[in-house]
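Enquirer: Structure supplied as upload-v2.pdb; contents: PDB, C-alpha atoms.
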MODEL        1
ATOM      1  CA  MET A   1     323.911  24.740  34.925
ATOM      2  CA  ALA A   2     321.686  21.821  35.854
ATOM      3  CA  THR A   3     321.827  20.765  39.491
ATOM      4  CA  PRO A   4     322.290  17.095  40.534
ATOM      5  CA  GLN A   5     318.646  16.667  41.519
ATOM      6  CA  ASP A   6     317.502  17.993  38.130
ATOM      7  CA  VAL A   7     319.508  15.564  35.979
ATOM      8  CA  LEU A   8     319.413  11.816  35.410
ATOM      9  CA  PRO A   9     321.553   9.436  33.350
ATOM     10  CA  ALA A  10     320.103   8.733  29.935
ATOM     11  CA  PRO A  11     317.690   5.743  30.215
ATOM     12  CA  ALA A  12     319.028   4.236  26.998
ATOM     13  CA  LEU A  13     322.496   3.945  28.516
ATOM     14  CA  LEU A  14     321.203   2.370  31.717
ATOM     15  CA  ASP A  15     319.402  -0.410  29.823
ATOM     16  CA  ARG A  16     322.475  -1.461  27.829
ATOM     17  CA  PRO A  17     324.660  -4.158  29.411
ATOM     18  CA  ASP A  18     327.812  -2.600  27.994
ATOM     19  CA  ALA A  19     326.884   0.858  29.318
ATOM     20  CA  PRO A  20     329.821   2.992  30.473
ATOM     21  CA  PRO A  21     330.312   3.710  34.173
ATOM     22  CA  ALA A  22     328.061   6.272  35.807
ATOM     23  CA  ALA A  23     330.889   8.818  35.860
ATOM     24  CA  GLU A  24     331.123   8.666  32.048
ATOM     25  CA  ALA A  25     327.379   8.450  31.330
ATOM     26  CA  ARG A  26     325.835  11.270  29.381
ATOM     27  CA  ILE A  27     323.806  13.557  31.630
ATOM     28  CA  VAL A  28     320.481  14.940  30.409
ATOM     29  CA  ALA A  29     318.323  17.542  32.086
ATOM     30  CA  ARG A  30     315.114  16.401  33.729
ATOM     31  CA  ARG A  31     312.078  17.346  31.686
ATOM     32  CA  LYS A  32     309.656  19.750  33.357
ATOM     33  CA  PRO A  33     306.470  19.825  31.283
ATOM     34  CA  GLY A  34     304.520  21.529  34.055
ATOM     35  CA  GLN A  35     306.752  24.594  34.005
ATOM     36  CA  TRP A  36     306.553  24.879  30.224
ATOM     37  CA  ALA A  37     302.771  24.537  30.322
ATOM     38  CA  ALA A  38     302.489  27.213  33.006
ATOM     39  CA  ALA A  39     304.736  29.519  30.986
ATOM     40  CA  ALA A  40     302.634  28.968  27.858
ATOM     41  CA  VAL A  41     299.418  29.777  29.733
ATOM     42  CA  ALA A  42     300.966  32.902  31.267
ATOM     43  CA  LEU A  43     302.191  34.105  27.853
ATOM     44  CA  LEU A  44     298.757  33.463  26.352
ATOM     45  CA  LEU A  45     297.018  35.477  29.068
ATOM     46  CA  ALA A  46     299.553  38.306  28.722
ATOM     47  CA  ALA A  47     299.072  38.393  24.948
ATOM     48  CA  MET A  48     295.282  38.523  25.401
ATOM     49  CA  ALA A  49     295.631  41.424  27.858
ATOM     50  CA  VAL A  50     297.928  43.384  25.531
ATOM     51  CA  ASN A  51     295.626  42.732  22.589
ATOM     52  CA  SER A  52     292.594  43.943  24.543
ATOM     53  CA  VAL A  53     294.383  47.213  25.372
ATOM     54  CA  VAL A  54     295.934  47.897  21.974
ATOM     55  CA  ARG A  55     292.836  47.093  19.901
ATOM     56  CA  ASN A  56     290.281  48.693  22.219
ATOM     57  CA  LYS A  57     289.065  51.860  20.485
ATOM     58  CA  ALA A  58     287.844  53.316  23.793
ATOM     59  CA  PHE A  59     291.449  54.154  24.719
ATOM     60  CA  GLN A  60     291.618  56.549  21.720
ATOM     61  CA  TRP A  61     295.349  56.107  21.172
ATOM     62  CA  SER A  62     295.442  58.935  18.633
ATOM     63  CA  VAL A  63     294.281  61.349  21.349
ATOM     64  CA  VAL A  64     296.894  59.902  23.717
ATOM     65  CA  ALA A  65     299.613  60.542  21.121
ATOM     66  CA  ASP A  66     298.424  64.112  20.548
ATOM     67  CA  TRP A  67     298.434  65.038  24.258
ATOM     68  CA  PHE A  68     301.414  62.984  25.428
ATOM     69  CA  THR A  69     303.903  65.799  24.824
ATOM     70  CA  ALA A  70     301.498  68.718  25.204
ATOM     71  CA  ARG A  71     302.876  71.744  27.030
ATOM     72  CA  SER A  72     300.369  71.572  29.883
ATOM     73  CA  VAL A  73     301.118  67.881  30.466
ATOM     74  CA  LEU A  74     304.883  68.431  30.441
ATOM     75  CA  ASP A  75     304.534  71.347  32.870
ATOM     76  CA  GLY A  76     302.528  69.113  35.198
ATOM     77  CA  LEU A  77     305.168  66.383  34.882
ATOM     78  CA  ALA A  78     307.923  68.864  35.725
ATOM     79  CA  LEU A  79     306.065  69.984  38.856
ATOM     80  CA  THR A  80     305.513  66.348  39.868
ATOM     81  CA  LEU A  81     309.224  65.586  39.529
ATOM     82  CA  TRP A  82     310.124  68.752  41.461
ATOM     83  CA  LEU A  83     307.716  67.896  44.275
ATOM     84  CA  THR A  84     309.106  64.365  44.457
ATOM     85  CA  ALA A  85     312.736  65.502  44.586
ATOM     86  CA  ALA A  86     312.116  68.331  47.059
ATOM     87  CA  THR A  87     309.982  66.389  49.521
ATOM     88  CA  LEU A  88     312.210  63.310  49.475
ATOM     89  CA  ALA A  89     315.439  65.302  49.871
ATOM     90  CA  LEU A  90     314.040  67.354  52.757
ATOM     91  CA  GLY A  91     312.449  64.226  54.211
ATOM     92  CA  PHE A  92     315.757  62.353  54.366
ATOM     93  CA  VAL A  93     317.579  65.343  55.862
ATOM     94  CA  LEU A  94     314.988  65.694  58.625
ATOM     95  CA  GLY A  95     314.624  61.915  58.853
ATOM     96  CA  THR A  96     318.339  61.583  59.636
ATOM     97  CA  VAL A  97     317.860  63.939  62.588
ATOM     98  CA  LEU A  98     314.795  62.022  63.704
ATOM     99  CA  ALA A  99     316.579  58.658  63.401
ATOM    100  CA  THR A 100     319.443  60.017  65.493
ATOM    101  CA  MET A 101     316.941  61.068  68.135
ATOM    102  CA  ARG A 102     315.385  57.596  68.163
ATOM    103  CA  LEU A 103     318.798  55.993  68.623
ATOM    104  CA  SER A 104     319.775  58.490  71.318
ATOM    105  CA  ALA A 105     320.312  57.461  74.920
ATOM    106  CA  ASN A 106     318.161  60.430  75.984
ATOM    107  CA  PRO A 107     314.641  59.126  76.793
ATOM    108  CA  VAL A 108     313.047  62.509  76.058
ATOM    109  CA  LEU A 109     314.467  62.636  72.528
ATOM    110  CA  ARG A 110     313.518  59.005  71.903
ATOM    111  CA  THR A 111     309.951  59.610  73.064
ATOM    112  CA  LEU A 112     309.496  62.784  70.996
ATOM    113  CA  ALA A 113     310.865  61.091  67.862
ATOM    114  CA  TRP A 114     308.658  58.044  68.399
ATOM    115  CA  GLY A 115     305.598  60.262  68.896
ATOM    116  CA  TYR A 116     306.258  62.179  65.671
ATOM    117  CA  ILE A 117     306.656  58.970  63.671
ATOM    118  CA  TRP A 118     303.569  57.456  65.280
ATOM    119  CA  VAL A 119     301.354  60.423  64.387
ATOM    120  CA  PHE A 120     302.453  60.847  60.774
ATOM    121  CA  ARG A 121     302.491  57.130  59.964
ATOM    122  CA  SER A 122     299.065  56.586  61.524
ATOM    123  CA  THR A 123     297.078  59.252  59.658
ATOM    124  CA  PRO A 124     296.229  59.278  55.930
ATOM    125  CA  PRO A 125     298.347  61.643  53.797
ATOM    126  CA  LEU A 126     295.245  63.287  52.327
ATOM    127  CA  VAL A 127     293.939  64.135  55.797
ATOM    128  CA  GLN A 128     297.304  65.672  56.689
ATOM    129  CA  LEU A 129     297.297  67.821  53.546
ATOM    130  CA  LEU A 130     293.775  69.041  54.217
ATOM    131  CA  PHE A 131     294.710  69.958  57.797
ATOM    132  CA  PHE A 132     297.695  71.996  56.607
ATOM    133  CA  PHE A 133     295.620  73.612  53.855
ATOM    134  CA  ASN A 134     293.079  74.725  56.480
ATOM    135  CA  ILE A 135     295.675  75.784  59.035
ATOM    136  CA  GLY A 136     294.078  79.238  59.199
ATOM    137  CA  ALA A 137     290.890  77.751  60.661
ATOM    138  CA  LEU A 138     292.852  75.868  63.329
ATOM    139  CA  TYR A 139     295.367  78.562  64.235
ATOM    140  CA  PRO A 140     294.442  82.082  63.060
ATOM    141  CA  THR A 141     297.850  83.299  64.256
ATOM    142  CA  LEU A 142     301.181  81.603  64.914
ATOM    143  CA  GLY A 143     303.535  83.074  67.470
ATOM    144  CA  LEU A 144     307.025  82.614  68.836
ATOM    145  CA  GLY A 145     307.573  83.321  72.503
ATOM    146  CA  ILE A 146     307.525  81.900  76.000
ATOM    147  CA  PRO A 147     304.993  79.103  76.652
ATOM    148  CA  PHE A 148     302.048  80.475  78.654
ATOM    149  CA  GLY A 149     303.778  83.845  78.460
ATOM    150  CA  PRO A 150     304.298  86.748  76.056
ATOM    151  CA  GLU A 151     304.808  86.206  72.330
ATOM    152  CA  PHE A 152     307.603  88.050  70.583
ATOM    153  CA  VAL A 153     306.603  87.393  66.959
ATOM    154  CA  THR A 154     303.127  86.667  65.610
ATOM    155  CA  VAL A 155     302.056  85.856  62.047
ATOM    156  CA  LYS A 156     298.530  85.618  60.664
ATOM    157  CA  THR A 157     298.018  82.271  58.959
ATOM    158  CA  VAL A 158     295.226  83.412  56.666
ATOM    159  CA  ASN A 159     296.505  82.988  53.107
ATOM    160  CA  LEU A 160     299.964  82.315  54.552
ATOM    161  CA  MET A 161     300.470  79.067  52.643
ATOM    162  CA  GLY A 162     299.389  78.491  49.074
ATOM    163  CA  PRO A 163     298.536  75.077  47.628
ATOM    164  CA  THR A 164     302.077  74.317  46.404
ATOM    165  CA  LEU A 165     303.732  75.277  49.704
ATOM    166  CA  THR A 166     301.123  73.261  51.585
ATOM    167  CA  ALA A 167     301.885  70.241  49.413
ATOM    168  CA  VAL A 168     305.649  70.585  50.002
ATOM    169  CA  ILE A 169     305.282  70.913  53.766
ATOM    170  CA  GLY A 170     302.713  68.135  54.109
ATOM    171  CA  LEU A 171     304.556  65.617  51.956
ATOM    172  CA  THR A 172     307.914  66.488  53.530
ATOM    173  CA  LEU A 173     306.661  65.877  57.067
ATOM    174  CA  LEU A 174     305.166  62.572  55.932
ATOM    175  CA  GLU A 175     308.339  61.416  54.175
ATOM    176  CA  THR A 176     310.387  62.440  57.228
ATOM    177  CA  ALA A 177     308.589  59.864  59.365
ATOM    178  CA  TYR A 178     309.215  57.054  56.866
ATOM    179  CA  ALA A 179     312.801  58.118  56.133
ATOM    180  CA  ALA A 180     313.632  58.107  59.855
ATOM    181  CA  GLU A 181     312.601  54.472  60.166
ATOM    182  CA  VAL A 182     314.485  53.514  56.998
ATOM    183  CA  ILE A 183     317.701  55.148  58.231
ATOM    184  CA  ARG A 184     317.316  53.730  61.736
ATOM    185  CA  GLY A 185     316.829  50.234  60.339
ATOM    186  CA  GLY A 186     319.905  50.594  58.141
ATOM    187  CA  ILE A 187     322.083  51.698  61.044
ATOM    188  CA  LEU A 188     320.834  48.867  63.258
ATOM    189  CA  SER A 189     321.650  46.359  60.512
ATOM    190  CA  VAL A 190     325.378  46.970  60.997
ATOM    191  CA  ASP A 191     326.882  44.304  63.239
ATOM    192  CA  ARG A 192     327.911  45.641  66.643
ATOM    193  CA  GLY A 193     331.060  43.554  66.555
ATOM    194  CA  GLN A 194     332.464  45.691  63.751
ATOM    195  CA  LEU A 195     331.922  48.845  65.796
ATOM    196  CA  GLU A 196     333.686  47.241  68.741
ATOM    197  CA  ALA A 197     336.572  46.199  66.475
ATOM    198  CA  ALA A 198     336.836  49.749  65.117
ATOM    199  CA  ALA A 199     336.882  51.140  68.648
ATOM    200  CA  ALA A 200     339.615  48.648  69.594
ATOM    201  CA  LEU A 201     341.704  49.939  66.671
ATOM    202  CA  GLY A 202     341.341  53.468  67.986
ATOM    203  CA  LEU A 203     339.338  54.827  65.029
ATOM    204  CA  GLY A 204     337.499  58.075  65.585
ATOM    205  CA  ARG A 205     333.701  58.293  65.550
ATOM    206  CA  TRP A 206     333.531  60.232  62.287
ATOM    207  CA  ARG A 207     335.828  57.775  60.535
ATOM    208  CA  VAL A 208     333.867  54.804  61.872
ATOM    209  CA  LEU A 209     330.649  56.389  60.656
ATOM    210  CA  ARG A 210     332.041  57.251  57.223
ATOM    211  CA  ARG A 211     334.069  54.107  56.508
ATOM    212  CA  ILE A 212     332.214  51.359  58.380
ATOM    213  CA  VAL A 213     328.645  52.260  59.327
ATOM    214  CA  VAL A 214     327.403  54.195  56.281
ATOM    215  CA  PRO A 215     328.688  51.824  53.529
ATOM    216  CA  GLN A 216     327.125  48.800  55.217
ATOM    217  CA  ALA A 217     323.946  50.586  56.252
ATOM    218  CA  MET A 218     323.400  51.773  52.690
ATOM    219  CA  ARG A 219     322.919  48.166  51.537
ATOM    220  CA  ALA A 220     319.826  48.051  53.745
ATOM    221  CA  ILE A 221     318.754  51.651  53.154
ATOM    222  CA  VAL A 222     318.932  51.878  49.346
ATOM    223  CA  PRO A 223     316.264  49.261  48.423
ATOM    224  CA  THR A 224     313.720  50.735  50.822
ATOM    225  CA  ALA A 225     314.680  54.280  49.895
ATOM    226  CA  GLY A 226     314.176  53.401  46.224
ATOM    227  CA  ASN A 227     310.689  52.141  47.009
ATOM    228  CA  MET A 228     310.057  55.344  48.957
ATOM    229  CA  LEU A 229     311.143  57.403  45.949
ATOM    230  CA  ILE A 230     308.742  55.601  43.633
ATOM    231  CA  GLY A 231     305.993  55.804  46.243
ATOM    232  CA  ALA A 232     306.622  59.528  46.698
ATOM    233  CA  LEU A 233     306.389  60.056  42.931
ATOM    234  CA  LYS A 234     302.990  58.379  42.801
ATOM    235  CA  GLY A 235     301.922  59.919  46.110
ATOM    236  CA  THR A 236     302.256  63.437  44.730
ATOM    237  CA  SER A 237     299.051  62.772  42.768
ATOM    238  CA  ILE A 238     297.021  63.473  45.921
ATOM    239  CA  VAL A 239     297.998  67.155  45.749
ATOM    240  CA  SER A 240     295.562  67.468  42.864
ATOM    241  CA  VAL A 241     292.797  67.882  45.470
ATOM    242  CA  LEU A 242     294.494  71.163  46.445
ATOM    243  CA  ALA A 243     294.428  72.371  42.814
ATOM    244  CA  VAL A 244     298.209  71.999  42.513
ATOM    245  CA  SER A 245     299.027  71.698  38.813
ATOM    246  CA  ASP A 246     300.841  68.393  38.972
ATOM    247  CA  LEU A 247     300.648  65.743  36.254
ATOM    248  CA  LEU A 248     297.289  64.315  37.344
ATOM    249  CA  TYR A 249     295.664  67.712  37.824
ATOM    250  CA  SER A 250     296.905  68.855  34.411
ATOM    251  CA  VAL A 251     295.229  65.951  32.617
ATOM    252  CA  GLN A 252     292.111  66.424  34.741
ATOM    253  CA  LEU A 253     291.752  69.990  33.476
ATOM    254  CA  VAL A 254     291.881  68.693  29.912
ATOM    255  CA  TYR A 255     289.339  65.900  30.249
ATOM    256  CA  LEU A 256     286.936  68.090  32.246
ATOM    257  CA  GLN A 257     286.744  70.350  29.194
ATOM    258  CA  SER A 258     286.955  67.755  26.420
ATOM    259  CA  TYR A 259     285.280  64.784  28.212
ATOM    260  CA  ARG A 260     288.105  62.535  26.980
ATOM    261  CA  VAL A 261     288.586  60.901  30.364
ATOM    262  CA  ILE A 262     290.123  57.561  29.391
ATOM    263  CA  PRO A 263     292.794  58.795  26.929
ATOM    264  CA  MET A 264     293.911  61.601  29.255
ATOM    265  CA  LEU A 265     294.211  59.188  32.168
ATOM    266  CA  MET A 266     296.298  56.964  29.901
ATOM    267  CA  VAL A 267     298.604  59.922  29.209
ATOM    268  CA  ALA A 268     299.254  60.308  32.946
ATOM    269  CA  THR A 269     299.575  56.530  33.414
ATOM    270  CA  ILE A 270     302.180  56.165  30.667
ATOM    271  CA  TRP A 271     304.226  59.055  32.035
ATOM    272  CA  TYR A 272     304.167  57.509  35.521
ATOM    273  CA  LEU A 273     305.284  54.188  34.012
ATOM    274  CA  VAL A 274     308.147  55.843  32.122
ATOM    275  CA  VAL A 275     309.453  57.759  35.143
ATOM    276  CA  THR A 276     309.132  54.854  37.591
ATOM    277  CA  THR A 277     310.940  52.582  35.124
ATOM    278  CA  LEU A 278     313.862  55.000  34.892
ATOM    279  CA  LEU A 279     313.962  55.312  38.677
ATOM    280  CA  SER A 280     313.921  51.521  39.048
ATOM    281  CA  ILE A 281     316.878  51.198  36.679
ATOM    282  CA  GLY A 282     318.791  53.799  38.671
ATOM    283  CA  GLN A 283     317.935  52.022  41.923
ATOM    284  CA  TYR A 284     319.246  48.735  40.502
ATOM    285  CA  TYR A 285     322.672  50.188  39.744
ATOM    286  CA  VAL A 286     322.886  52.084  43.030
ATOM    287  CA  GLU A 287     322.175  48.825  44.864
ATOM    288  CA  ARG A 288     324.946  47.104  42.877
ATOM    289  CA  HIS A 289     327.358  49.892  43.801
ATOM    290  CA  PHE A 290     326.806  49.444  47.541
ATOM    291  CA  ALA A 291     326.683  45.631  47.263
ATOM    292  CA  ARG A 292     330.314  45.428  46.145
ATOM    293  CA  GLY A 293     332.279  43.123  48.398
ATOM    294  CA  ALA A 294     329.157  41.760  50.092
ATOM    295  CA  THR A 295     329.719  38.259  48.666
ATOM    296  CA  ARG A 296     332.825  36.271  47.815
ATOM    297  CA  ASP A 297     331.488  35.241  44.425
ATOM    298  CA  GLY A 298     331.134  38.809  43.212
ATOM    299  CA  LEU A 299     328.105  40.491  41.707
ATOM    300  CA  PRO A 300     325.895  38.726  39.142
ATOM    301  CA  PRO A 301     326.024  40.131  35.597
ATOM    302  CA  THR A 302     323.705  42.972  34.702
ATOM    303  CA  PRO A 303     320.931  42.467  32.106
ATOM    304  CA  LEU A 304     323.052  44.407  29.603
ATOM    305  CA  GLN A 305     326.054  42.148  30.247
ATOM    306  CA  ARG A 306     323.870  39.054  29.851
ATOM    307  CA  ALA A 307     322.452  40.343  26.571
ATOM    308  CA  ARG A 308     325.963  41.107  25.312
ATOM    309  CA  ALA A 309     327.187  37.624  26.269
ATOM    310  CA  ALA A 310     324.199  36.014  24.538
ATOM    311  CA  PHE A 311     324.853  38.071  21.408
ATOM    312  CA  VAL A 312     328.501  36.960  21.384
ATOM    313  CA  ARG A 313     327.471  33.299  21.708
ATOM    314  CA  VAL A 314     325.037  33.647  18.822
ATOM    315  CA  VAL A 315     327.654  35.328  16.623
ATOM    316  CA  LYS A 316     330.270  32.675  17.398
ATOM    317  CA  ALA A 317     327.797  29.893  16.731
TER     318      ALA A 317
ENDMDL
END
Translate the structure of the given file into structure tokens.

Expert:
Amino acid sequence: MATPQDVLPAPALLDRPDAPPAAEARIVARRKPGQWAAAAVALLLAAMAVNSVVRNKAFQWSVVADWFTARSVLDGLALTLWLTAATLALGFVLGTVLATMRLSANPVLRTLAWGYIWVFRSTPPLVQLLFFFNIGALYPTLGLGIPFGPEFVTVKTVNLMGPTLTAVIGLTLLETAYAAEVIRGGILSVDRGQLEAAAALGLGRWRVLRRIVVPQAMRAIVPTAGNMLIGALKGTSIVSVLAVSDLLYSVQLVYLQSYRVIPMLMVATIWYLVVTTLLSIGQYYVERHFARGATRDGLPPTPLQRARAAFVRVVKA
């Protein structure tokens, strides 16, 4: 609906001496030629970009179609999805513990949690993976015992962790640091007055956490967690340096033998686009679920509901 500042009475009516009152004058929307021109230029540039990709023979789209559903590519995709799910799930479990430590009244726990987050957020993920992969050079043996005293259990670290286990551990520890800050921010977003009101009503801590804190904190956690999920999916590509057969490494093996670099990279790119699109759709509906009751006007219609309403209007017209 046009807003008051975007509409003006029809000039033809204003010039007539017998024009009706302003309340009965026909309202027309203000013309915005600049917006239409900008939209036309943007569409033209987008069409040129799509045309340059589709008609460029260097992409070798026939090769892309042949390898898109190849067994090696699908196996790499499955490992990528597994790594993403495993590291993010473990990261949020450990991140919840770390966030609790940061919110604790104990200064020792707060300091240890802050130090962990500081280290893992300040160093590149690739450097962390390489350190874990070469753990045998740093610590030939790992032991459990009394500090500066005897060790009860010792394990040789040579060949202890393979590439896949190294990737899981390294990515999990990294995601734990980010998940802890996401969860802590979500908990802090809940108004303290609601916690005081719940305490005045005599509600128990578990009920306050389950019925008041978590539902409201999730509205702040879900968008960032969704971005973390998509980032973790793309971040798994760095494990290819450890010869882990993820999606990127699988296509690398193919183009190193066939020298079809561009089409094989396009295979990986399209798969990443497909998966991230599906994850974005899921994130959208999860956000809507936790946004219920956040506004008095209710939730805006989904794209599917808007398309259905537009189809009904066209049919009725």

Enquirer: Taking the file as shown, what set of residues would the PyMOL selection byres ((chain A and resi 94-102) around 8) give back, as a PDB file with C-alpha atoms, in the frame of the given file?

Expert:
ATOM      1  CA  LEU A  90     314.040  67.354  52.757  1.00  0.00           C
ATOM      2  CA  GLY A  91     312.449  64.226  54.211  1.00  0.00           C
ATOM      3  CA  PHE A  92     315.757  62.353  54.366  1.00  0.00           C
ATOM      4  CA  VAL A  93     317.579  65.343  55.862  1.00  0.00           C
ATOM      5  CA  LEU A 103     318.798  55.993  68.623  1.00  0.00           C
ATOM      6  CA  SER A 104     319.775  58.490  71.318  1.00  0.00           C
ATOM      7  CA  ASN A 106     318.161  60.430  75.984  1.00  0.00           C
ATOM      8  CA  LEU A 109     314.467  62.636  72.528  1.00  0.00           C
ATOM      9  CA  ARG A 110     313.518  59.005  71.903  1.00  0.00           C
ATOM     10  CA  THR A 111     309.951  59.610  73.064  1.00  0.00           C
ATOM     11  CA  ALA A 113     310.865  61.091  67.862  1.00  0.00           C
ATOM     12  CA  TRP A 114     308.658  58.044  68.399  1.00  0.00           C
ATOM     13  CA  GLU A 175     308.339  61.416  54.175  1.00  0.00           C
ATOM     14  CA  THR A 176     310.387  62.440  57.228  1.00  0.00           C
ATOM     15  CA  ALA A 177     308.589  59.864  59.365  1.00  0.00           C
ATOM     16  CA  TYR A 178     309.215  57.054  56.866  1.00  0.00           C
ATOM     17  CA  ALA A 179     312.801  58.118  56.133  1.00  0.00           C
ATOM     18  CA  ALA A 180     313.632  58.107  59.855  1.00  0.00           C
ATOM     19  CA  GLU A 181     312.601  54.472  60.166  1.00  0.00           C
ATOM     20  CA  ILE A 183     317.701  55.148  58.231  1.00  0.00           C
ATOM     21  CA  ARG A 184     317.316  53.730  61.736  1.00  0.00           C
TER      22      ARG A 184
END

Enquirer: Expand the PyMOL selection byres ((chain A and resi 82) around 12) into the individual residues it matches in the shown file, reporting them as a list in words.

Expert: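 In the shown coordinates, the PyMOL selection byres ((chain A and resi 82) around 12) covers Asp75, Gly76, Leu77, Ala78, Leu79, Thr80, Leu81, Leu83, Thr84, Ala85, Ala86, Thr87, Leu88, Ala89, Thr164, Ala167, Val168, Ala232, Leu233, Thr236, Ser245, Asp246 and Leu247 of chain A.
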
Enquirer: What gap, in Å, lies between CA of Gln216 in chain A and CA of Phe290 in chain A?

Expert: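 Computed distance, CA of Gln216 in chain A to CA of Phe290 in chain A, equals 7.7 Å.
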
Enquirer: Expand the PyMOL selection byres ((chain A and resi 251) around 10) into the explicit residue set it covers here, and present it as a PDB file with C-alpha atoms, in the frame of the given file.

Expert:
ATOM      1  CA  TRP A  67     298.434  65.038  24.258  1.00  0.00           C
ATOM      2  CA  PHE A  68     301.414  62.984  25.428  1.00  0.00           C
ATOM      3  CA  SER A  72     300.369  71.572  29.883  1.00  0.00           C
ATOM      4  CA  VAL A  73     301.118  67.881  30.466  1.00  0.00           C
ATOM      5  CA  GLY A  76     302.528  69.113  35.198  1.00  0.00           C
ATOM      6  CA  SER A 245     299.027  71.698  38.813  1.00  0.00           C
ATOM      7  CA  ASP A 246     300.841  68.393  38.972  1.00  0.00           C
ATOM      8  CA  LEU A 247     300.648  65.743  36.254  1.00  0.00           C
ATOM      9  CA  LEU A 248     297.289  64.315  37.344  1.00  0.00           C
ATOM     10  CA  TYR A 249     295.664  67.712  37.824  1.00  0.00           C
ATOM     11  CA  SER A 250     296.905  68.855  34.411  1.00  0.00           C
ATOM     12  CA  GLN A 252     292.111  66.424  34.741  1.00  0.00           C
ATOM     13  CA  LEU A 253     291.752  69.990  33.476  1.00  0.00           C
ATOM     14  CA  VAL A 254     291.881  68.693  29.912  1.00  0.00           C
ATOM     15  CA  TYR A 255     289.339  65.900  30.249  1.00  0.00           C
ATOM     16  CA  LEU A 256     286.936  68.090  32.246  1.00  0.00           C
ATOM     17  CA  ARG A 260     288.105  62.535  26.980  1.00  0.00           C
ATOM     18  CA  VAL A 261     288.586  60.901  30.364  1.00  0.00           C
ATOM     19  CA  PRO A 263     292.794  58.795  26.929  1.00  0.00           C
ATOM     20  CA  MET A 264     293.911  61.601  29.255  1.00  0.00           C
ATOM     21  CA  LEU A 265     294.211  59.188  32.168  1.00  0.00           C
ATOM     22  CA  MET A 266     296.298  56.964  29.901  1.00  0.00           C
ATOM     23  CA  VAL A 267     298.604  59.922  29.209  1.00  0.00           C
ATOM     24  CA  ALA A 268     299.254  60.308  32.946  1.00  0.00           C
TER      25      ALA A 268
END

Enquirer: Within 8 Å of range 154-163 of chain A, counting all atoms listed in the file, which residues qualify if same-chain residues fewer than 2 places away don't, as a PyMOL selection string?

Expert: chain A and resi 133+135-136+139-144+151-152+165-167+242-244

Enquirer: Next, write the just-selected residues to a file, as a short mmCIF file (atom, residue, chain, number, x, y, z; two decimals), keeping the file's coordinate frame, keeping C-alpha atoms as the atom set.

Expert:
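Done, and the output landed in out.cif:
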data_model
loop_
_atom_site.label_atom_id
_atom_site.label_comp_id
_atom_site.auth_asym_id
_atom_site.auth_seq_id
_atom_site.Cartn_x
_atom_site.Cartn_y
_atom_site.Cartn_z
CA PHE A 133 295.62 73.61 53.86
CA ILE A 135 295.68 75.78 59.04
CA GLY A 136 294.08 79.24 59.20
CA TYR A 139 295.37 78.56 64.24
CA PRO A 140 294.44 82.08 63.06
CA THR A 141 297.85 83.30 64.26
CA LEU A 142 301.18 81.60 64.91
CA GLY A 143 303.54 83.07 67.47
CA LEU A 144 307.02 82.61 68.84
CA GLU A 151 304.81 86.21 72.33
CA PHE A 152 307.60 88.05 70.58
CA LEU A 165 303.73 75.28 49.70
CA THR A 166 301.12 73.26 51.58
CA ALA A 167 301.88 70.24 49.41
CA LEU A 242 294.49 71.16 46.44
CA ALA A 243 294.43 72.37 42.81
CA VAL A 244 298.21 72.00 42.51
#

Enquirer: (318.0, 46.9, 57.8) in this file's frame - what residues fall within 7 Å of it? Use only C-alpha atoms and give the answer as a list in words.

Expert: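 Nearby residues: Gly185, Gly186, Leu188, Ser189, Ala220 and Ile221 of chain A.
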
Enquirer: Expressed in Å to a single decimal, how great is the separation between CA of Ala65 in chain A and CA of Trp271 in chain A?

Expert: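 For CA of Ala65 in chain A relative to CA of Trp271 in chain A, the distance reads 11.9 Å.
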
Enquirer: Which value, in Å to one decimal, gives the distance between CA of Pro301 in chain A and CA of Tyr285 in chain A?

Expert: 11.4 Å

Enquirer: Is it possible to get the axis-aligned box enclosing range 125-143 of chain A (all listed atoms, 6 Å extra per side) as AutoDock Vina command-line options, with centre and edge lengths in Å rounded to one decimal?

Expert:
--center_x 297.2 --center_y 72.5 --center_z 59.9 --size_x 24.6 --size_y 33.7 --size_z 27.1

Enquirer: Could you name the residues that touch Leu129 in chain A at 8 Å or less, counting all atoms listed in the file, but leaving out those on the same chain fewer than 2 positions away, as a list in words?

Expert: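 Here the answer would be Pro125, Leu126, Val127, Phe131, Phe132, Phe133, Thr166, Ala167, Gly170, Leu171 and Val239 of chain A.
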
Enquirer: Nearest to Val286 in chain A: which of A:Gly115, A:Pro223, A:Gly149, A:Pro107 is it, counting all atoms listed in the file?

Expert: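 For Val286 in chain A, the nearest of the given residues is A:Pro223.
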
Enquirer: A:Val190, A:Ala310, A:Ala58, A:Leu299: which is nearest Pro215 in chain A, counting only C-alpha atoms?

Expert: A:Val190

Enquirer: Find, counting only C-alpha atoms, the residue in A:Ile187, A:Ala200, A:Leu278, A:Val241 that gets nearest to Gly226 in chain A.

Expert: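 Closest to Gly226 in chain A, using only C-alpha atoms: A:Leu278.
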